[in-house]
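Colleague: Here it is, the structure in full.
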Amino acid sequence: KTNTGMPIMRWRHLLLTVAAIAVLVSVSRAAETASAPRSFIVGPTSFLKDGKPFRIISGSLHYFRVHPALWRDRLLKFKAAGLNTVQTYVPWNLHQPKNDTNFNYEGILDVRRFIQTAAEVGLLVTVRPPPYICAEWEFGGFPGWFMTNPDIRFRTNEPIFMSALKTFMDDFLQRVADLQYHLGGPIIIFQIENEYGTYGSDWDYLSAIQHIFLSNNIGTILNTCNGDHDWQMVGGNIPQLFSQTYLRTINF
């Protein structure tokens, strides 16, 4: 017997029972967490990650400018610096160097692997795809073969341009759509165009790009980014659209 007068066997039975209950509670909570739907949306005053306020602390790392052997090292440095998100552009001209559908996503252009590596080190991802990326990159990322067609009109609803854009984007988005946050991946935002308000104000054009995303099962936040002047914000945003999955941002 113990000092309390309770037989040792009864104490052992009691301790085993308590331990078993603790394990069951832990397993139950883990299962509840695993089954809870993931979400990342624009809330009234902040981003909401799985229903809780979240602050994005992000830095830029362009996978196509860094050797793949160094991706993990650089992303770990982002994490160590206190960042929780990495954003990257997607260069159309590298992924589609010729006017055909032989897209290149090998080696340094394996954007899916880059995004998965970010997730492995604990970072979220925002993606800034074509048409125009700027990024101090040749031709803003437009394919060089565009220059062989004098009828193409950049960043407009002109059929030649939009057909080429849709062909590329349909392929690209299907490569990464399953990596969206609500589907278990790290992608929390896709960007519609890039600083378009400085270039034009065709809202039908922006809406057409938005439709490309939606038709490829993109359900996470879509954002625009523009300069901080009124005319840039007016021209570069879709005026009738504001929701938990649409975000207007300003470069400054």
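Simple scheme: letters A, B, ... for chains in structure tokens order, numbers from 1 for residues in each chain, numbers from 1 for ligands in the order shown.
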Within region 63-190 of chain A, find each residue whose DSSP state, derived from the backbone, is strand (DSSP E or B), and express the selection as a CSV table (one decimal) with N, CA, C and O atoms, in the first residue's frame.

Modeller:
```
chain,number,residue,atom,x,y,z
A,85,THR,N,6.0,35.1,-45.0
A,85,THR,CA,5.5,34.9,-46.4
A,85,THR,C,6.6,35.3,-47.3
A,85,THR,O,7.4,36.2,-47.1
A,86,VAL,N,6.6,34.6,-48.5
A,86,VAL,CA,7.5,35.0,-49.6
A,86,VAL,C,6.7,35.3,-50.8
A,86,VAL,O,5.7,34.6,-51.1
A,87,GLN,N,7.0,36.3,-51.6
A,87,GLN,CA,6.3,36.6,-52.8
A,87,GLN,C,7.3,36.5,-54.0
A,87,GLN,O,8.4,36.8,-53.9
A,88,THR,N,6.7,36.0,-55.1
A,88,THR,CA,7.6,35.9,-56.3
A,88,THR,C,6.8,36.2,-57.6
A,88,THR,O,5.6,36.0,-57.6
A,89,TYR,N,7.5,36.8,-58.5
A,89,TYR,CA,6.9,36.9,-59.9
A,89,TYR,C,7.1,35.6,-60.7
A,89,TYR,O,7.8,34.7,-60.3
A,124,LEU,N,4.3,31.1,-46.0
A,124,LEU,CA,3.2,31.2,-47.0
A,124,LEU,C,3.7,31.9,-48.3
A,124,LEU,O,4.9,32.4,-48.3
A,125,VAL,N,2.9,31.9,-49.3
A,125,VAL,CA,3.4,32.4,-50.6
A,125,VAL,C,2.4,33.2,-51.3
A,125,VAL,O,1.2,32.9,-51.3
A,126,THR,N,2.8,34.4,-51.8
A,126,THR,CA,2.0,35.1,-52.7
A,126,THR,C,2.6,35.1,-54.1
A,126,THR,O,3.8,35.2,-54.3
A,127,VAL,N,1.8,34.9,-55.2
A,127,VAL,CA,2.3,34.7,-56.5
A,127,VAL,C,1.8,35.9,-57.4
A,127,VAL,O,0.7,36.2,-57.4
A,128,ARG,N,2.8,36.4,-58.2
A,128,ARG,CA,2.5,37.5,-59.1
A,128,ARG,C,2.8,37.1,-60.5
A,128,ARG,O,3.9,37.3,-61.0
A,180,GLN,N,-3.0,26.1,-53.3
A,180,GLN,CA,-3.7,27.2,-52.6
A,180,GLN,C,-3.9,26.8,-51.1
A,180,GLN,O,-4.0,25.6,-50.7
A,187,ILE,N,-0.1,28.9,-50.8
A,187,ILE,CA,-0.4,30.1,-51.6
A,187,ILE,C,-1.7,30.8,-51.0
A,187,ILE,O,-2.8,30.2,-50.9
A,188,ILE,N,-1.5,32.1,-50.6
A,188,ILE,CA,-2.6,32.8,-50.0
A,188,ILE,C,-3.1,33.9,-50.9
A,188,ILE,O,-4.2,34.4,-50.8
A,189,ILE,N,-2.3,34.3,-51.9
A,189,ILE,CA,-2.7,35.4,-52.8
A,189,ILE,C,-2.1,35.2,-54.2
A,189,ILE,O,-1.0,34.8,-54.4
A,190,PHE,N,-3.0,35.5,-55.2
A,190,PHE,CA,-2.5,35.6,-56.6
A,190,PHE,C,-2.8,37.1,-57.1
A,190,PHE,O,-3.8,37.7,-56.7
```

Colleague: Tell me, as a ChimeraX atom specification, which residues lie within 10 Å of Met162 (chain A), counting only C-alpha atoms; anything in the same chain fewer than 3 positions away does not count.

Modeller: /A:131,152-159,165-168,205,208-209

Colleague: Would you save the residues from that selection as a PDB file, in the first residue's frame, using N, CA and C atoms?

Modeller:
```pdb
ATOM      1  N   PRO A 131       0.225  38.888 -66.966  1.00  0.00           N
ATOM      2  CA  PRO A 131       1.045  39.173 -68.138  1.00  0.00           C
ATOM      3  C   PRO A 131       2.324  39.973 -67.873  1.00  0.00           C
ATOM      4  N   ILE A 152      -0.416  42.685 -82.435  1.00  0.00           N
ATOM      5  CA  ILE A 152      -0.687  42.424 -81.024  1.00  0.00           C
ATOM      6  C   ILE A 152      -0.669  43.734 -80.237  1.00  0.00           C
ATOM      7  N   ARG A 153      -1.602  43.862 -79.317  1.00  0.00           N
ATOM      8  CA  ARG A 153      -1.689  45.067 -78.488  1.00  0.00           C
ATOM      9  C   ARG A 153      -1.562  44.651 -77.026  1.00  0.00           C
ATOM     10  N   PHE A 154      -0.460  45.025 -76.427  1.00  0.00           N
ATOM     11  CA  PHE A 154      -0.130  44.585 -75.085  1.00  0.00           C
ATOM     12  C   PHE A 154      -1.125  45.096 -74.034  1.00  0.00           C
ATOM     13  N   ARG A 155      -1.417  44.246 -73.084  1.00  0.00           N
ATOM     14  CA  ARG A 155      -2.210  44.600 -71.905  1.00  0.00           C
ATOM     15  C   ARG A 155      -3.572  45.177 -72.283  1.00  0.00           C
ATOM     16  N   THR A 156      -4.224  44.510 -73.231  1.00  0.00           N
ATOM     17  CA  THR A 156      -5.566  44.903 -73.657  1.00  0.00           C
ATOM     18  C   THR A 156      -6.388  43.644 -73.904  1.00  0.00           C
ATOM     19  N   ASN A 157      -7.659  43.863 -74.184  1.00  0.00           N
ATOM     20  CA  ASN A 157      -8.556  42.766 -74.526  1.00  0.00           C
ATOM     21  C   ASN A 157      -8.433  42.350 -75.991  1.00  0.00           C
ATOM     22  N   GLU A 158      -7.468  42.904 -76.691  1.00  0.00           N
ATOM     23  CA  GLU A 158      -7.251  42.541 -78.095  1.00  0.00           C
ATOM     24  C   GLU A 158      -7.123  41.020 -78.194  1.00  0.00           C
ATOM     25  N   PRO A 159      -7.819  40.372 -79.128  1.00  0.00           N
ATOM     26  CA  PRO A 159      -7.916  38.900 -79.169  1.00  0.00           C
ATOM     27  C   PRO A 159      -6.590  38.159 -79.243  1.00  0.00           C
ATOM     28  N   LEU A 165      -2.347  35.010 -73.660  1.00  0.00           N
ATOM     29  CA  LEU A 165      -2.334  35.061 -72.194  1.00  0.00           C
ATOM     30  C   LEU A 165      -3.127  33.910 -71.601  1.00  0.00           C
ATOM     31  N   LYS A 166      -4.303  33.662 -72.152  1.00  0.00           N
ATOM     32  CA  LYS A 166      -5.148  32.586 -71.619  1.00  0.00           C
ATOM     33  C   LYS A 166      -4.484  31.219 -71.798  1.00  0.00           C
ATOM     34  N   THR A 167      -3.842  31.013 -72.937  1.00  0.00           N
ATOM     35  CA  THR A 167      -3.152  29.741 -73.171  1.00  0.00           C
ATOM     36  C   THR A 167      -2.082  29.511 -72.107  1.00  0.00           C
ATOM     37  N   PHE A 168      -1.308  30.551 -71.846  1.00  0.00           N
ATOM     38  CA  PHE A 168      -0.253  30.408 -70.836  1.00  0.00           C
ATOM     39  C   PHE A 168      -0.833  30.248 -69.440  1.00  0.00           C
ATOM     40  N   TYR A 205     -10.690  44.584 -69.323  1.00  0.00           N
ATOM     41  CA  TYR A 205      -9.455  43.800 -69.446  1.00  0.00           C
ATOM     42  C   TYR A 205      -9.097  43.141 -68.117  1.00  0.00           C
ATOM     43  N   ALA A 208     -11.425  40.362 -67.396  1.00  0.00           N
ATOM     44  CA  ALA A 208     -11.145  39.185 -68.212  1.00  0.00           C
ATOM     45  C   ALA A 208     -10.028  38.353 -67.578  1.00  0.00           C
ATOM     46  N   ILE A 209      -9.020  39.025 -67.021  1.00  0.00           N
ATOM     47  CA  ILE A 209      -7.942  38.294 -66.341  1.00  0.00           C
ATOM     48  C   ILE A 209      -8.476  37.626 -65.084  1.00  0.00           C
TER      49      ILE A 209
END
```

Colleague: Find the residues near region 215-230 of chain A: any atom within 9 Å, counting only C-alpha atoms, skip ones fewer than 5 places away on the same chain, and give them as a ChimeraX atom specification.

Modeller: /A:39-42,169-170,173-174,177-178,180-182,187-198,210,235-238,244-252

Colleague: Export N, CA, C and O atoms of the chosen residues as a compact mmCIF listing (two decimals), in the first residue's frame?

Modeller:
```txt
# COMPACT_ATOMS: atom_id res chain seq x y z
N SER A 39 -8.64 28.46 -44.24
CA SER A 39 -9.13 29.62 -44.98
C SER A 39 -8.17 30.79 -44.79
O SER A 39 -7.54 30.92 -43.74
N PHE A 40 -8.09 31.62 -45.83
CA PHE A 40 -7.32 32.86 -45.74
C PHE A 40 -8.10 33.90 -46.53
O PHE A 40 -8.22 33.80 -47.76
N ILE A 41 -8.65 34.89 -45.82
CA ILE A 41 -9.52 35.87 -46.46
C ILE A 41 -9.20 37.29 -45.97
O ILE A 41 -8.42 37.47 -45.03
N VAL A 42 -9.80 38.26 -46.63
CA VAL A 42 -9.71 39.65 -46.21
C VAL A 42 -10.84 39.91 -45.21
O VAL A 42 -12.01 39.85 -45.57
N MET A 169 -1.76 31.10 -69.07
CA MET A 169 -2.28 31.11 -67.71
C MET A 169 -3.07 29.85 -67.39
O MET A 169 -3.02 29.34 -66.26
N ASP A 170 -3.82 29.34 -68.35
CA ASP A 170 -4.56 28.09 -68.11
C ASP A 170 -3.59 26.97 -67.73
O ASP A 170 -3.86 26.18 -66.82
N LEU A 173 -1.74 27.96 -64.13
CA LEU A 173 -2.60 27.86 -62.94
C LEU A 173 -2.94 26.42 -62.60
O LEU A 173 -3.05 26.07 -61.42
N GLN A 174 -3.09 25.58 -63.61
CA GLN A 174 -3.36 24.17 -63.32
C GLN A 174 -2.16 23.48 -62.68
O GLN A 174 -2.31 22.48 -61.99
N ALA A 177 -2.64 25.24 -58.84
CA ALA A 177 -3.94 25.47 -58.19
C ALA A 177 -4.11 24.67 -56.91
O ALA A 177 -4.70 25.15 -55.93
N ASP A 178 -3.59 23.46 -56.87
CA ASP A 178 -3.76 22.62 -55.68
C ASP A 178 -2.87 23.06 -54.52
O ASP A 178 -2.98 22.51 -53.41
N GLN A 180 -3.00 26.09 -53.27
CA GLN A 180 -3.66 27.19 -52.57
C GLN A 180 -3.85 26.83 -51.09
O GLN A 180 -4.01 25.65 -50.73
N TYR A 181 -3.87 27.84 -50.25
CA TYR A 181 -3.92 27.60 -48.80
C TYR A 181 -5.14 26.80 -48.38
O TYR A 181 -5.04 25.86 -47.59
N HIS A 182 -6.31 27.14 -48.92
CA HIS A 182 -7.52 26.45 -48.48
C HIS A 182 -7.56 25.00 -48.94
O HIS A 182 -8.40 24.22 -48.48
N ILE A 187 -0.13 28.91 -50.83
CA ILE A 187 -0.45 30.11 -51.60
C ILE A 187 -1.67 30.81 -51.02
O ILE A 187 -2.76 30.24 -50.94
N ILE A 188 -1.48 32.08 -50.62
CA ILE A 188 -2.58 32.84 -50.02
C ILE A 188 -3.10 33.94 -50.95
O ILE A 188 -4.22 34.41 -50.76
N ILE A 189 -2.30 34.35 -51.94
CA ILE A 189 -2.70 35.45 -52.83
C ILE A 189 -2.13 35.22 -54.23
O ILE A 189 -0.98 34.81 -54.38
N PHE A 190 -2.95 35.51 -55.24
CA PHE A 190 -2.50 35.63 -56.63
C PHE A 190 -2.75 37.08 -57.06
O PHE A 190 -3.79 37.66 -56.72
N GLN A 191 -1.85 37.64 -57.83
CA GLN A 191 -2.02 39.02 -58.29
C GLN A 191 -2.61 39.07 -59.70
O GLN A 191 -2.22 38.32 -60.58
N ILE A 192 -3.57 40.00 -59.89
CA ILE A 192 -4.13 40.30 -61.20
C ILE A 192 -3.33 41.45 -61.80
O ILE A 192 -3.35 42.56 -61.28
N GLU A 193 -2.61 41.21 -62.88
CA GLU A 193 -1.81 42.25 -63.54
C GLU A 193 -0.79 42.82 -62.55
O GLU A 193 -0.59 42.27 -61.46
N ASN A 194 -0.12 43.90 -62.92
CA ASN A 194 0.92 44.47 -62.08
C ASN A 194 1.07 45.96 -62.38
O ASN A 194 1.47 46.33 -63.48
N GLU A 195 0.68 46.78 -61.40
CA GLU A 195 0.79 48.23 -61.57
C GLU A 195 0.10 48.70 -62.85
O GLU A 195 0.58 49.60 -63.53
N TYR A 196 -1.03 48.09 -63.14
CA TYR A 196 -1.71 48.39 -64.40
C TYR A 196 -2.23 49.82 -64.44
O TYR A 196 -2.32 50.42 -65.52
N GLY A 197 -2.58 50.39 -63.29
CA GLY A 197 -3.14 51.74 -63.25
C GLY A 197 -2.20 52.79 -63.81
O GLY A 197 -2.63 53.86 -64.23
N THR A 198 -0.91 52.51 -63.83
CA THR A 198 0.06 53.42 -64.43
C THR A 198 0.03 53.35 -65.95
O THR A 198 0.46 54.28 -66.64
N GLN A 210 -9.32 38.35 -64.36
CA GLN A 210 -9.93 37.76 -63.17
C GLN A 210 -10.68 36.48 -63.54
O GLN A 210 -10.59 35.46 -62.83
N GLY A 235 -7.66 53.53 -62.25
CA GLY A 235 -7.45 52.79 -63.48
C GLY A 235 -7.06 51.34 -63.27
O GLY A 235 -7.36 50.48 -64.09
N GLY A 236 -6.38 51.05 -62.14
CA GLY A 236 -5.81 49.73 -61.96
C GLY A 236 -6.63 48.76 -61.13
O GLY A 236 -6.15 47.67 -60.80
N ASN A 237 -7.86 49.12 -60.78
CA ASN A 237 -8.71 48.26 -59.98
C ASN A 237 -10.04 47.99 -60.66
O ASN A 237 -10.48 48.77 -61.51
N ILE A 238 -10.68 46.90 -60.26
CA ILE A 238 -12.00 46.58 -60.78
C ILE A 238 -13.02 47.24 -59.86
O ILE A 238 -13.20 46.81 -58.71
N GLN A 244 -14.23 39.30 -49.76
CA GLN A 244 -13.25 38.67 -48.89
C GLN A 244 -12.11 38.04 -49.67
O GLN A 244 -11.11 37.63 -49.10
N THR A 245 -12.27 37.95 -50.99
CA THR A 245 -11.21 37.35 -51.82
C THR A 245 -10.73 38.30 -52.90
O THR A 245 -10.25 37.87 -53.95
N TYR A 246 -10.86 39.60 -52.67
CA TYR A 246 -10.32 40.59 -53.60
C TYR A 246 -9.68 41.70 -52.79
O TYR A 246 -10.27 42.21 -51.84
N LEU A 247 -8.47 42.07 -53.13
CA LEU A 247 -7.72 43.02 -52.33
C LEU A 247 -7.04 44.05 -53.22
O LEU A 247 -6.38 43.69 -54.20
N ARG A 248 -7.19 45.31 -52.88
CA ARG A 248 -6.50 46.39 -53.57
C ARG A 248 -5.28 46.81 -52.74
O ARG A 248 -5.42 47.08 -51.55
N THR A 249 -4.12 46.84 -53.35
CA THR A 249 -2.93 47.23 -52.61
C THR A 249 -2.23 48.37 -53.31
O THR A 249 -2.42 48.62 -54.50
N ILE A 250 -1.38 49.08 -52.56
CA ILE A 250 -0.68 50.26 -53.06
C ILE A 250 0.82 50.05 -52.94
O ILE A 250 1.32 49.57 -51.92
N ASN A 251 1.54 50.40 -54.00
CA ASN A 251 3.00 50.45 -53.94
C ASN A 251 3.42 51.86 -53.53
O ASN A 251 2.92 52.84 -54.06
N PHE A 252 4.35 51.93 -52.61
CA PHE A 252 4.84 53.28 -52.21
C PHE A 252 6.27 53.19 -51.72
O PHE A 252 6.81 52.12 -51.51
```

Colleague: Restricting the calculation to only C-alpha atoms, which member of A:Leu94, A:Ile212, A:Val121, A:Leu179 is positioned closest to Pro143 (chain A)?

Modeller: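 Using only C-alpha atoms, Pro143 (chain A) sits closest to A:Leu94.
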
Colleague: Which value, in Å to one decimal, gives the distance between CA of Ile57 (chain A) and CA of Ala119 (chain A)?

Modeller: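 Separating CA of Ile57 (chain A) from CA of Ala119 (chain A) is a distance of 15.1 Å.
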
Colleague: If you run DSSP over the backbone, which residues in region 74-240 of chain A end up helix (DSSP H, G or I)? Put them as JSON, numbers by chain.

Modeller: {"A": [74, 75, 76, 77, 78, 79, 80, 92, 93, 94, 95, 107, 108, 109, 111, 112, 113, 114, 115, 116, 117, 118, 119, 120, 138, 139, 140, 141, 144, 145, 146, 147, 148, 159, 160, 161, 162, 163, 164, 165, 166, 167, 168, 169, 170, 171, 172, 173, 174, 175, 176, 177, 178, 179, 181, 182, 183, 196, 197, 198, 203, 204, 205, 206, 207, 208, 209, 210, 211, 212, 213, 214, 215, 230, 231, 232, 233, 234, 235]}

Colleague: What is the CA of Phe213 (chain A) to CA of Trp71 (chain A) distance in Å?

Modeller: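 CA of Trp71 (chain A) lies 26.8 Å from CA of Phe213 (chain A).
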
Colleague: Rank A:Gly200, A:Pro68, A:Gly43, A:Pro37 by their smallest atom-to-atom distance to Arg113 (chain A), using only C-alpha atoms, and report the top residue only.

Modeller: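 Going through A:Gly200, A:Pro68, A:Gly43, A:Pro37 one by one, the smallest distance to Arg113 (chain A) is for A:Pro68.
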